file structure-v6.cif (mmCIF, C-alpha atoms)
data_input
loop_
_atom_site.label_atom_id
_atom_site.label_comp_id
_atom_site.auth_asym_id
_atom_site.auth_seq_id
_atom_site.Cartn_x
_atom_site.Cartn_y
_atom_site.Cartn_z
CA MET A 5 87.02 -82.84 129.90
CA PHE A 6 83.73 -81.16 129.01
CA GLN A 7 84.87 -77.95 130.69
CA THR A 8 87.38 -77.34 127.91
CA THR A 9 85.07 -77.87 124.94
CA ALA A 10 84.57 -75.21 122.29
CA TYR A 11 81.06 -74.59 123.62
CA TYR A 12 82.42 -73.44 126.97
CA TYR A 13 84.89 -71.02 125.45
CA VAL A 14 82.31 -69.64 123.04
CA LEU A 15 79.97 -69.04 125.98
CA SER A 16 82.62 -67.42 128.17
CA THR A 17 84.02 -65.25 125.37
CA ALA A 18 80.55 -64.06 124.37
CA ALA A 19 79.72 -63.14 127.98
CA VAL A 20 82.92 -61.14 128.44
CA LEU A 21 82.51 -59.34 125.10
CA ILE A 22 78.91 -58.38 125.90
CA PHE A 23 80.07 -57.16 129.32
CA LEU A 24 82.89 -55.04 127.86
CA ILE A 25 80.62 -53.53 125.18
CA GLY A 26 78.16 -52.54 127.90
CA VAL A 27 80.90 -50.99 130.04
CA MET A 28 82.27 -49.07 127.07
CA GLY A 29 78.80 -47.83 126.19
CA ASN A 30 78.12 -46.60 129.72
CA LEU A 31 81.46 -44.84 130.04
CA ALA A 32 81.10 -43.23 126.63
CA PHE A 33 77.59 -42.03 127.54
CA TRP A 34 78.50 -40.56 130.95
CA LEU A 35 81.94 -39.19 130.24
CA GLY A 36 81.48 -38.25 126.61
CA GLY A 37 78.65 -35.76 126.93
CA GLY A 38 75.48 -37.74 127.65
CA PRO A 39 72.39 -37.87 125.40
CA ALA A 40 73.14 -34.49 123.78
CA VAL A 41 76.12 -36.03 121.95
CA SER A 42 75.78 -38.52 119.10
CA ARG A 43 76.80 -42.13 119.61
CA ARG A 44 79.56 -41.78 117.05
CA ALA A 45 81.03 -38.78 118.86
CA ARG A 46 80.81 -40.53 122.22
CA LEU A 47 82.57 -43.59 120.82
CA SER A 48 85.30 -41.41 119.31
CA TRP A 49 85.79 -39.71 122.67
CA PHE A 50 85.94 -43.05 124.44
CA LEU A 51 88.66 -44.43 122.18
CA ARG A 52 90.75 -41.28 122.60
CA LYS A 53 90.26 -40.32 126.24
CA ALA A 54 88.88 -43.22 128.27
CA PRO A 55 92.25 -45.03 128.76
CA VAL A 56 93.69 -41.84 130.26
CA PHE A 57 90.70 -41.47 132.55
CA ILE A 58 90.72 -45.11 133.65
CA LEU A 59 94.46 -45.11 134.44
CA ASN A 60 94.33 -41.76 136.23
CA ARG A 61 95.57 -41.88 139.84
CA ARG A 62 92.30 -40.43 141.15
CA THR A 63 90.31 -43.09 139.32
CA LEU A 64 92.52 -45.89 140.64
CA TRP A 65 92.28 -44.47 144.17
CA ALA A 66 88.49 -44.28 143.89
CA PHE A 67 88.43 -47.92 142.78
CA LEU A 68 90.55 -48.98 145.75
CA SER A 69 88.80 -46.95 148.43
CA GLN A 70 85.21 -46.97 147.21
CA VAL A 71 84.86 -50.22 145.25
CA LEU A 72 87.18 -52.59 147.11
CA LEU A 73 87.00 -51.05 150.61
CA GLN A 74 83.50 -49.55 150.22
CA THR A 75 84.33 -46.51 152.38
CA GLN A 76 81.24 -44.56 151.27
CA VAL A 77 78.96 -47.46 152.19
CA TRP A 78 80.65 -47.79 155.61
CA ARG A 79 79.49 -44.28 156.50
CA ARG A 80 75.91 -45.17 155.59
CA GLY A 81 75.59 -48.22 157.83
CA ARG A 82 77.56 -51.22 159.05
CA LEU A 83 75.11 -53.89 157.89
CA ARG A 84 74.88 -52.31 154.46
CA TRP A 85 78.69 -52.18 154.32
CA LEU A 86 79.00 -55.86 155.26
CA MET A 87 76.47 -56.78 152.58
CA SER A 88 78.26 -54.72 149.92
CA VAL A 89 81.74 -56.00 150.81
CA CYS A 90 80.57 -59.62 150.83
CA LEU A 91 78.89 -59.27 147.44
CA THR A 92 81.82 -57.41 145.87
CA TRP A 93 84.68 -59.47 147.27
CA GLY A 94 82.84 -62.77 146.93
CA THR A 95 82.08 -62.11 143.26
CA LEU A 96 85.60 -60.85 142.46
CA GLU A 97 87.24 -63.80 144.21
CA LEU A 98 85.10 -66.42 142.50
CA PHE A 99 85.74 -64.84 139.11
CA PHE A 100 89.45 -64.06 139.28
CA VAL A 101 90.62 -66.99 141.42
CA GLY A 102 88.05 -69.61 140.53
CA SER A 103 86.99 -69.01 136.93
CA LEU A 104 90.22 -67.50 135.60
CA GLY A 105 92.27 -69.95 137.65
CA ASP A 106 90.46 -72.86 136.02
CA MET A 107 90.97 -71.33 132.57
CA PHE A 108 94.71 -70.78 133.16
CA ARG A 109 95.01 -74.39 134.27
CA ASP A 110 93.14 -75.69 131.21
CA TYR A 111 95.43 -73.72 128.90
CA GLY A 112 98.53 -74.93 130.74
CA LEU A 113 99.40 -71.39 131.86
CA ALA A 114 99.41 -72.32 135.55
CA SER A 115 99.91 -75.50 137.51
CA LEU A 116 96.76 -75.56 139.61
CA SER A 117 94.59 -78.19 141.21
CA LYS A 118 91.12 -77.51 142.51
CA ASP A 119 92.00 -79.61 145.55
CA GLU A 120 95.10 -77.66 146.56
CA PRO A 121 94.35 -76.37 150.07
CA TRP A 122 94.73 -72.66 149.29
CA PHE A 123 92.72 -72.91 146.06
CA ALA A 124 89.89 -74.94 147.58
CA LEU A 125 89.66 -72.81 150.73
CA THR A 126 89.71 -69.55 148.77
CA ASN A 127 86.82 -70.67 146.61
CA GLU A 128 84.83 -71.94 149.58
CA VAL A 129 85.27 -68.63 151.40
CA GLY A 130 84.35 -66.68 148.26
CA GLY A 131 81.14 -68.66 147.91
CA LEU A 132 80.28 -68.10 151.56
CA MET A 133 80.89 -64.36 151.22
CA LEU A 134 78.63 -64.19 148.17
CA GLY A 135 75.93 -66.18 149.98
CA THR A 136 76.22 -63.96 153.07
CA GLY A 137 75.88 -60.81 150.99
CA VAL A 138 72.79 -62.17 149.25
CA ALA A 139 71.25 -63.24 152.57
CA ILE A 140 71.76 -59.76 154.08
CA ALA A 141 70.32 -58.11 150.97
CA LEU A 142 67.24 -60.33 151.06
CA TYR A 143 66.85 -59.65 154.80
CA ARG A 144 66.99 -55.89 154.25
CA ARG A 145 64.55 -56.08 151.34
CA TRP A 146 62.04 -58.74 152.44
CA VAL A 147 62.20 -58.63 156.26
CA LEU A 148 63.21 -55.09 157.25
CA ARG A 149 61.41 -53.73 154.16
CA LEU A 150 63.50 -50.58 154.14
CA PRO A 151 61.53 -47.88 152.30
CA GLN A 152 64.50 -46.67 150.24
CA LEU A 153 64.83 -50.10 148.62
CA GLY A 154 61.38 -50.01 147.05
CA SER A 155 59.89 -53.14 145.50
CA ASN A 156 61.60 -53.30 142.11
CA TRP A 157 61.25 -56.80 140.64
CA GLU A 158 64.65 -56.55 138.95
CA ASP A 159 66.44 -56.19 142.28
CA SER A 160 64.81 -59.32 143.69
CA LEU A 161 65.53 -61.20 140.45
CA VAL A 162 69.23 -60.35 140.63
CA LEU A 163 69.45 -61.45 144.26
CA ILE A 164 67.79 -64.77 143.46
CA TRP A 165 70.12 -65.09 140.46
CA LEU A 166 73.16 -64.61 142.71
CA ALA A 167 71.79 -67.08 145.26
CA LEU A 168 71.37 -69.69 142.52
CA ILE A 169 74.92 -69.12 141.34
CA ALA A 170 76.26 -69.70 144.85
CA ALA A 171 74.07 -72.76 145.42
CA THR A 172 74.82 -74.41 142.07
CA GLY A 173 78.51 -73.70 142.60
CA TYR A 174 78.55 -75.73 145.79
CA LEU A 175 76.43 -78.50 144.27
CA THR A 176 78.81 -78.64 141.30
CA GLU A 177 81.72 -78.95 143.72
CA ALA A 178 79.96 -81.78 145.53
CA GLY A 179 79.37 -83.54 142.23
CA ARG A 180 83.01 -83.15 141.20
CA LEU A 181 84.31 -84.55 144.48
CA LEU A 182 82.12 -87.61 144.04
CA SER A 183 82.67 -88.17 140.31
CA GLU A 184 86.46 -87.79 140.59
CA GLY A 185 86.70 -89.81 143.79
CA VAL A 186 88.70 -87.14 145.60
CA PRO A 187 90.14 -88.57 148.86
CA GLN A 188 88.50 -87.35 152.05
CA GLY A 189 91.67 -85.66 153.26
CA GLN A 190 91.90 -83.50 150.13
CA ALA A 191 88.15 -82.93 149.89
CA ALA A 192 88.11 -81.56 153.44
CA TYR A 193 89.40 -78.21 152.19
CA SER A 194 86.25 -77.91 150.06
CA PHE A 195 84.29 -78.23 153.28
CA VAL A 196 80.91 -77.06 152.00
CA GLY A 197 81.10 -79.20 148.87
CA GLN A 198 82.22 -82.18 150.93
CA ALA A 199 79.30 -81.78 153.35
CA LEU A 200 76.86 -81.64 150.43
CA SER A 201 78.45 -84.70 148.82
CA ARG A 202 77.73 -86.68 151.97
CA LEU A 203 74.12 -85.51 152.05
CA GLY A 204 73.45 -86.28 148.38
CA PRO A 205 75.69 -88.99 146.88
CA GLY A 206 73.70 -88.78 143.64
CA TRP A 207 75.28 -85.42 142.77
CA GLY A 208 78.19 -87.24 141.17
CA GLY A 209 75.99 -88.74 138.46
CA ILE A 210 74.69 -85.38 137.30
CA TYR A 211 77.94 -83.46 137.73
CA PRO A 212 78.22 -82.39 134.03
CA TYR A 213 74.69 -80.98 134.08
CA LEU A 214 75.31 -79.15 137.34
CA TRP A 215 78.51 -77.71 135.91
CA TRP A 216 76.81 -76.35 132.79
CA LEU A 217 73.91 -74.97 134.80
CA HIS A 218 76.32 -73.12 137.09
CA ALA A 219 78.38 -71.85 134.13
CA GLY A 220 75.28 -70.67 132.27
CA LEU A 221 73.95 -68.78 135.29
CA SER A 222 77.35 -67.19 135.97
CA PHE A 223 78.18 -66.10 132.44
CA SER A 224 74.70 -64.76 131.74
CA LEU A 225 74.90 -62.60 134.87
CA ILE A 226 78.32 -61.28 133.83
CA ALA A 227 76.87 -60.28 130.47
CA TYR A 228 73.84 -58.67 132.15
CA ILE A 229 75.72 -56.48 134.67
CA PRO A 230 76.41 -53.38 132.49
CA TYR A 231 72.79 -53.25 131.34
CA SER A 232 71.25 -53.52 134.81
CA LYS A 233 71.20 -51.73 138.15
CA LEU A 234 74.08 -54.01 139.20
CA PHE A 235 76.35 -51.67 137.30
CA HIS A 236 76.12 -49.25 140.22
CA ILE A 237 78.88 -51.39 141.79
CA ILE A 238 81.19 -49.67 139.28
CA ALA A 239 79.21 -46.52 138.51
CA GLY A 240 78.52 -45.45 142.09
CA PRO A 241 82.14 -44.73 143.04
#
call {"tool": "encode", "arguments": {"input": "structure-v6.cif", "output": "structure tokens"}}
result
Amino acid sequence: MFQTTAYYYVLSTAAVLIFLIGVMGNLAFWLGGGPAVSRRARLSWFLRKAPVFILNRRTLWAFLSQVLLQTQVWRRGRLRWLMSVCLTWGTLELFFVGSLGDMFRDYGLASLSKDEPWFALTNEVGGLMLGTGVAIALYRRWVLRLPQLGSNWEDSLVLIWLALIAATGYLTEAGRLLSEGVPQGQAAYSFVGQALSRLGPGWGGIYPYLWWLHAGLSFSLIAYIPYSKLFHIIAGP
């Protein structure tokens, strides 16, 4: 299968490494003394102290309450909270269940099928959550035009980027259902992909191209997160 080629693993590994380097750089900058401290000194501090900081009970509690549950955002507004939760949980679910699940299956570390009811439904819900979060964000930015959001082009670019990831993900699923001839009963759990496969039967013929487009968009965004305003998902709490 083309998903398991060396090109895919090179792309995914590069994206994760770039992401981790960016995270390390940010943590070393903020927690190691800021711009007044040399890069070498910040890196030395990071290697010695960051693991202790990351595994600290207060840090873990902050991650649970403020990143996963978004308690700070809840106090600032219910619509903003719904947007933030949908974006965070949708992204985490699609990465850890979908992407990592596929990788574990390819390596033989887990017995998974994309058409198992729980696996298919989880991915469909994750995609819908991501799409809902993007829709709310675009509504707040382009319709409500809230003054605190400003008109930064990077913010709109990231939202469109996320929307494309969600859309190409569903189109890829539709193409897979058609190209693999998945029975209707099994395909029903991938309800969005199944609906799209009925609307556009030609998706099956371009499934490999859709898959690579979706993978490219997803991995490039992962690599971009620590170097963009998206990092506030981690840095804010």
call {"tool": "closest_residue", "arguments": {"input": "structure-v6.cif", "among": "A:Phe195, A:Tyr231, A:Phe223, A:Trp122", "to": "Leu15 of chain A", "atoms": "only C-alpha atoms"}}
result
A:Phe223
call {"tool": "closest_atom_pairs", "arguments": {"input": "structure-v6.cif", "of": "segment 154-211 of chain A", "to": "segment 89-102 of chain A", "cutoff": "10 Å", "atoms": "all atoms listed in the file", "output": "CSV"}}
result
residue,atom,partner,partner_atom,distance
A:Leu166,CA,A:Leu91,CA,9.1
A:Ala170,CA,A:Thr95,CA,9.7
A:Gly173,CA,A:Leu98,CA,9.8
call {"tool": "atom_distance", "arguments": {"input": "structure-v6.cif", "atom1": "atom CA of Arg62 of chain A", "atom2": "atom CA of Leu31 of chain A"}}
result
16.1 Å
call {"tool": "residues_around", "arguments": {"input": "structure-v6.cif", "residues": "segment 225-228 of chain A", "least_positions_apart": "4", "cutoff": "12 Å", "atoms": "only C-alpha atoms", "output": "number ranges by chain"}}
result
A: 15-27, 95-96, 99, 158, 161-169, 218-221, 232-235
call {"tool": "closest_residue", "arguments": {"input": "structure-v6.cif", "among": "A:Leu175, A:Leu132, A:Leu104, A:Ala114", "to": "Trp215 of chain A", "atoms": "all atoms listed in the file"}}
result
A:Leu175
call {"tool": "residues_around", "arguments": {"input": "structure-v6.cif", "residues": "Met87 of chain A", "least_positions_apart": "3", "cutoff": "9 Å", "atoms": "only C-alpha atoms", "output": "list in words"}}
result
Arg82, Leu83, Arg84, Cys90, Leu91, Thr92, Met133, Leu134, Thr136, Gly137, Val138, Ala139, Ile140 and Ala141 of chain A
call {"tool": "resolve_selection", "arguments": {"input": "structure-v6.cif", "expression": "the PyMOL selection byres ((chain A and resi 186) around 12)", "output": "PDB file with C-alpha atoms, in the frame of the given file"}}
result
ATOM      1  CA  SER A 117      94.590 -78.190 141.210  1.00  0.00           C
ATOM      2  CA  LYS A 118      91.120 -77.510 142.510  1.00  0.00           C
ATOM      3  CA  ASP A 119      92.000 -79.610 145.550  1.00  0.00           C
ATOM      4  CA  GLU A 120      95.100 -77.660 146.560  1.00  0.00           C
ATOM      5  CA  GLU A 177      81.720 -78.950 143.720  1.00  0.00           C
ATOM      6  CA  ALA A 178      79.960 -81.780 145.530  1.00  0.00           C
ATOM      7  CA  GLY A 179      79.370 -83.540 142.230  1.00  0.00           C
ATOM      8  CA  ARG A 180      83.010 -83.150 141.200  1.00  0.00           C
ATOM      9  CA  LEU A 181      84.310 -84.550 144.480  1.00  0.00           C
ATOM     10  CA  LEU A 182      82.120 -87.610 144.040  1.00  0.00           C
ATOM     11  CA  SER A 183      82.670 -88.170 140.310  1.00  0.00           C
ATOM     12  CA  GLU A 184      86.460 -87.790 140.590  1.00  0.00           C
ATOM     13  CA  GLY A 185      86.700 -89.810 143.790  1.00  0.00           C
ATOM     14  CA  PRO A 187      90.140 -88.570 148.860  1.00  0.00           C
ATOM     15  CA  GLN A 188      88.500 -87.350 152.050  1.00  0.00           C
ATOM     16  CA  GLY A 189      91.670 -85.660 153.260  1.00  0.00           C
ATOM     17  CA  GLN A 190      91.900 -83.500 150.130  1.00  0.00           C
ATOM     18  CA  ALA A 191      88.150 -82.930 149.890  1.00  0.00           C
ATOM     19  CA  ALA A 192      88.110 -81.560 153.440  1.00  0.00           C
ATOM     20  CA  TYR A 193      89.400 -78.210 152.190  1.00  0.00           C
ATOM     21  CA  SER A 194      86.250 -77.910 150.060  1.00  0.00           C
ATOM     22  CA  GLY A 197      81.100 -79.200 148.870  1.00  0.00           C
ATOM     23  CA  GLN A 198      82.220 -82.180 150.930  1.00  0.00           C
ATOM     24  CA  SER A 201      78.450 -84.700 148.820  1.00  0.00           C
ATOM     25  CA  GLY A 208      78.190 -87.240 141.170  1.00  0.00           C
TER      26      GLY A 208
END
call {"tool": "closest_residue", "arguments": {"input": "structure-v6.cif", "among": "A:Val147, A:Ala199, A:Ala32, A:Ala66", "to": "Glu128 of chain A", "atoms": "all atoms listed in the file"}}
result
A:Ala199
call {"tool": "atom_distance", "arguments": {"input": "structure-v6.cif", "atom1": "atom CA of Leu86 of chain A", "atom2": "atom CA of Leu153 of chain A"}}
result
16.7 Å
call {"tool": "axis_aligned_box", "arguments": {"input": "structure-v6.cif", "around": "segment 14-26 of chain A", "padding_each_side": "3 Å", "output": "AutoDock Vina command-line options"}}
result
--center_x 81.1 --center_y -61.1 --center_z 126.2 --size_x 11.9 --size_y 23.1 --size_z 12.3
call {"tool": "atom_distance", "arguments": {"input": "structure-v6.cif", "atom1": "atom CA of Phe33 of chain A", "atom2": "atom CA of Trp157 of chain A"}}
result
25.6 Å
call {"tool": "residues_around", "arguments": {"input": "structure-v6.cif", "residues": "Ser115 of chain A", "least_positions_apart": "6", "cutoff": "10 Å", "atoms": "all atoms listed in the file", "output": "list in words"}}
result
Gly105, Asp106, Phe108 and Arg109 of chain A
call {"tool": "closest_residue", "arguments": {"input": "structure-v6.cif", "among": "A:Leu217, A:Leu116, A:Val129, A:Leu200", "to": "Thr172 of chain A", "atoms": "all atoms listed in the file"}}
result
A:Leu217
call {"tool": "decode", "arguments": {"input": "structure-v6.cif", "residues": "segment 116-147 of chain A", "atoms": "N, CA, C and O atoms", "output": "mmCIF file, in the first residue's frame"}}
result
data_model
loop_
_atom_site.group_PDB
_atom_site.id
_atom_site.type_symbol
_atom_site.label_atom_id
_atom_site.label_comp_id
_atom_site.auth_asym_id
_atom_site.auth_seq_id
_atom_site.Cartn_x
_atom_site.Cartn_y
_atom_site.Cartn_z
ATOM 1 N N LEU A 116 -6.066 -3.406 13.855
ATOM 2 C CA LEU A 116 -7.088 -2.392 13.642
ATOM 3 C C LEU A 116 -7.593 -2.448 12.209
ATOM 4 O O LEU A 116 -6.863 -2.822 11.291
ATOM 5 N N SER A 117 -8.824 -2.066 12.046
ATOM 6 C CA SER A 117 -9.400 -1.897 10.722
ATOM 7 C C SER A 117 -10.112 -0.553 10.694
ATOM 8 O O SER A 117 -10.819 -0.198 11.646
ATOM 9 N N LYS A 118 -9.900 0.187 9.631
ATOM 10 C CA LYS A 118 -10.551 1.490 9.528
ATOM 11 C C LYS A 118 -12.071 1.381 9.545
ATOM 12 O O LYS A 118 -12.761 2.359 9.823
ATOM 13 N N ASP A 119 -12.575 0.195 9.222
ATOM 14 C CA ASP A 119 -14.023 0.019 9.137
ATOM 15 C C ASP A 119 -14.622 -0.629 10.375
ATOM 16 O O ASP A 119 -15.813 -0.947 10.386
ATOM 17 N N GLU A 120 -13.813 -0.830 11.432
ATOM 18 C CA GLU A 120 -14.383 -1.251 12.702
ATOM 19 C C GLU A 120 -15.284 -0.133 13.208
ATOM 20 O O GLU A 120 -14.913 1.046 13.154
ATOM 21 N N PRO A 121 -16.466 -0.463 13.715
ATOM 22 C CA PRO A 121 -17.423 0.594 14.098
ATOM 23 C C PRO A 121 -16.840 1.666 15.006
ATOM 24 O O PRO A 121 -17.003 2.857 14.733
ATOM 25 N N TRP A 122 -16.138 1.273 16.075
ATOM 26 C CA TRP A 122 -15.636 2.274 17.014
ATOM 27 C C TRP A 122 -14.583 3.157 16.360
ATOM 28 O O TRP A 122 -14.550 4.368 16.597
ATOM 29 N N PHE A 123 -13.726 2.559 15.514
ATOM 30 C CA PHE A 123 -12.650 3.305 14.873
ATOM 31 C C PHE A 123 -13.210 4.292 13.855
ATOM 32 O O PHE A 123 -12.820 5.463 13.805
ATOM 33 N N ALA A 124 -14.147 3.808 13.042
ATOM 34 C CA ALA A 124 -14.736 4.664 12.016
ATOM 35 C C ALA A 124 -15.545 5.803 12.638
ATOM 36 O O ALA A 124 -15.422 6.964 12.232
ATOM 37 N N LEU A 125 -16.358 5.479 13.648
ATOM 38 C CA LEU A 125 -17.184 6.508 14.278
ATOM 39 C C LEU A 125 -16.332 7.551 14.998
ATOM 40 O O LEU A 125 -16.617 8.750 14.944
ATOM 41 N N THR A 126 -15.276 7.104 15.664
ATOM 42 C CA THR A 126 -14.403 8.036 16.380
ATOM 43 C C THR A 126 -13.772 9.033 15.422
ATOM 44 O O THR A 126 -13.713 10.239 15.691
ATOM 45 N N ASN A 127 -13.315 8.543 14.284
ATOM 46 C CA ASN A 127 -12.703 9.439 13.304
ATOM 47 C C ASN A 127 -13.721 10.390 12.678
ATOM 48 O O ASN A 127 -13.412 11.557 12.415
ATOM 49 N N GLU A 128 -14.929 9.887 12.421
ATOM 50 C CA GLU A 128 -15.961 10.762 11.864
ATOM 51 C C GLU A 128 -16.302 11.887 12.833
ATOM 52 O O GLU A 128 -16.426 13.048 12.440
ATOM 53 N N VAL A 129 -16.456 11.531 14.108
ATOM 54 C CA VAL A 129 -16.783 12.541 15.125
ATOM 55 C C VAL A 129 -15.637 13.537 15.280
ATOM 56 O O VAL A 129 -15.851 14.752 15.408
ATOM 57 N N GLY A 130 -14.388 13.036 15.256
ATOM 58 C CA GLY A 130 -13.244 13.935 15.354
ATOM 59 C C GLY A 130 -13.208 14.936 14.215
ATOM 60 O O GLY A 130 -12.944 16.125 14.423
ATOM 61 N N GLY A 131 -13.490 14.474 13.008
ATOM 62 C CA GLY A 131 -13.533 15.374 11.860
ATOM 63 C C GLY A 131 -14.633 16.408 11.982
ATOM 64 O O GLY A 131 -14.445 17.586 11.636
ATOM 65 N N LEU A 132 -15.797 15.975 12.484
ATOM 66 C CA LEU A 132 -16.910 16.912 12.661
ATOM 67 C C LEU A 132 -16.595 17.948 13.734
ATOM 68 O O LEU A 132 -16.958 19.123 13.601
ATOM 69 N N MET A 133 -15.921 17.524 14.795
ATOM 70 C CA MET A 133 -15.534 18.479 15.839
ATOM 71 C C MET A 133 -14.560 19.515 15.282
ATOM 72 O O MET A 133 -14.710 20.720 15.535
ATOM 73 N N LEU A 134 -13.575 19.053 14.519
ATOM 74 C CA LEU A 134 -12.618 19.984 13.924
ATOM 75 C C LEU A 134 -13.335 20.958 12.993
ATOM 76 O O LEU A 134 -13.098 22.171 13.046
ATOM 77 N N GLY A 135 -14.224 20.444 12.157
ATOM 78 C CA GLY A 135 -14.966 21.301 11.235
ATOM 79 C C GLY A 135 -15.841 22.303 11.964
ATOM 80 O O GLY A 135 -15.951 23.475 11.559
ATOM 81 N N THR A 136 -16.472 21.863 13.070
ATOM 82 C CA THR A 136 -17.319 22.760 13.862
ATOM 83 C C THR A 136 -16.491 23.872 14.486
ATOM 84 O O THR A 136 -16.885 25.047 14.483
ATOM 85 N N GLY A 137 -15.326 23.517 15.029
ATOM 86 C CA GLY A 137 -14.455 24.526 15.618
ATOM 87 C C GLY A 137 -14.004 25.556 14.607
ATOM 88 O O GLY A 137 -13.984 26.758 14.884
ATOM 89 N N VAL A 138 -13.663 25.100 13.404
ATOM 90 C CA VAL A 138 -13.236 26.019 12.342
ATOM 91 C C VAL A 138 -14.401 26.930 11.935
ATOM 92 O O VAL A 138 -14.221 28.144 11.746
ATOM 93 N N ALA A 139 -15.591 26.353 11.805
ATOM 94 C CA ALA A 139 -16.761 27.137 11.403
ATOM 95 C C ALA A 139 -17.063 28.233 12.426
ATOM 96 O O ALA A 139 -17.359 29.382 12.056
ATOM 97 N N ILE A 140 -16.991 27.912 13.714
ATOM 98 C CA ILE A 140 -17.234 28.910 14.757
ATOM 99 C C ILE A 140 -16.167 29.996 14.711
ATOM 100 O O ILE A 140 -16.458 31.193 14.838
ATOM 101 N N ALA A 141 -14.920 29.592 14.521
ATOM 102 C CA ALA A 141 -13.827 30.563 14.461
ATOM 103 C C ALA A 141 -14.001 31.517 13.282
ATOM 104 O O ALA A 141 -13.799 32.733 13.407
ATOM 105 N N LEU A 142 -14.381 30.975 12.130
ATOM 106 C CA LEU A 142 -14.606 31.825 10.963
ATOM 107 C C LEU A 142 -15.806 32.744 11.178
ATOM 108 O O LEU A 142 -15.794 33.913 10.765
ATOM 109 N N TYR A 143 -16.834 32.242 11.842
ATOM 110 C CA TYR A 143 -18.019 33.057 12.146
ATOM 111 C C TYR A 143 -17.649 34.220 13.062
ATOM 112 O O TYR A 143 -18.066 35.370 12.826
ATOM 113 N N ARG A 144 -16.855 33.934 14.095
ATOM 114 C CA ARG A 144 -16.449 34.993 15.026
ATOM 115 C C ARG A 144 -15.553 36.024 14.334
ATOM 116 O O ARG A 144 -15.626 37.214 14.622
ATOM 117 N N ARG A 145 -14.726 35.559 13.400
ATOM 118 C CA ARG A 145 -13.763 36.454 12.756
ATOM 119 C C ARG A 145 -14.369 37.214 11.587
ATOM 120 O O ARG A 145 -14.125 38.413 11.419
ATOM 121 N N TRP A 146 -15.152 36.535 10.738
ATOM 122 C CA TRP A 146 -15.619 37.141 9.490
ATOM 123 C C TRP A 146 -17.049 37.674 9.553
ATOM 124 O O TRP A 146 -17.407 38.538 8.758
ATOM 125 N N VAL A 147 -17.860 37.155 10.487
ATOM 126 C CA VAL A 147 -19.251 37.616 10.579
ATOM 127 C C VAL A 147 -19.419 38.561 11.768
ATOM 128 O O VAL A 147 -19.860 39.706 11.615
#
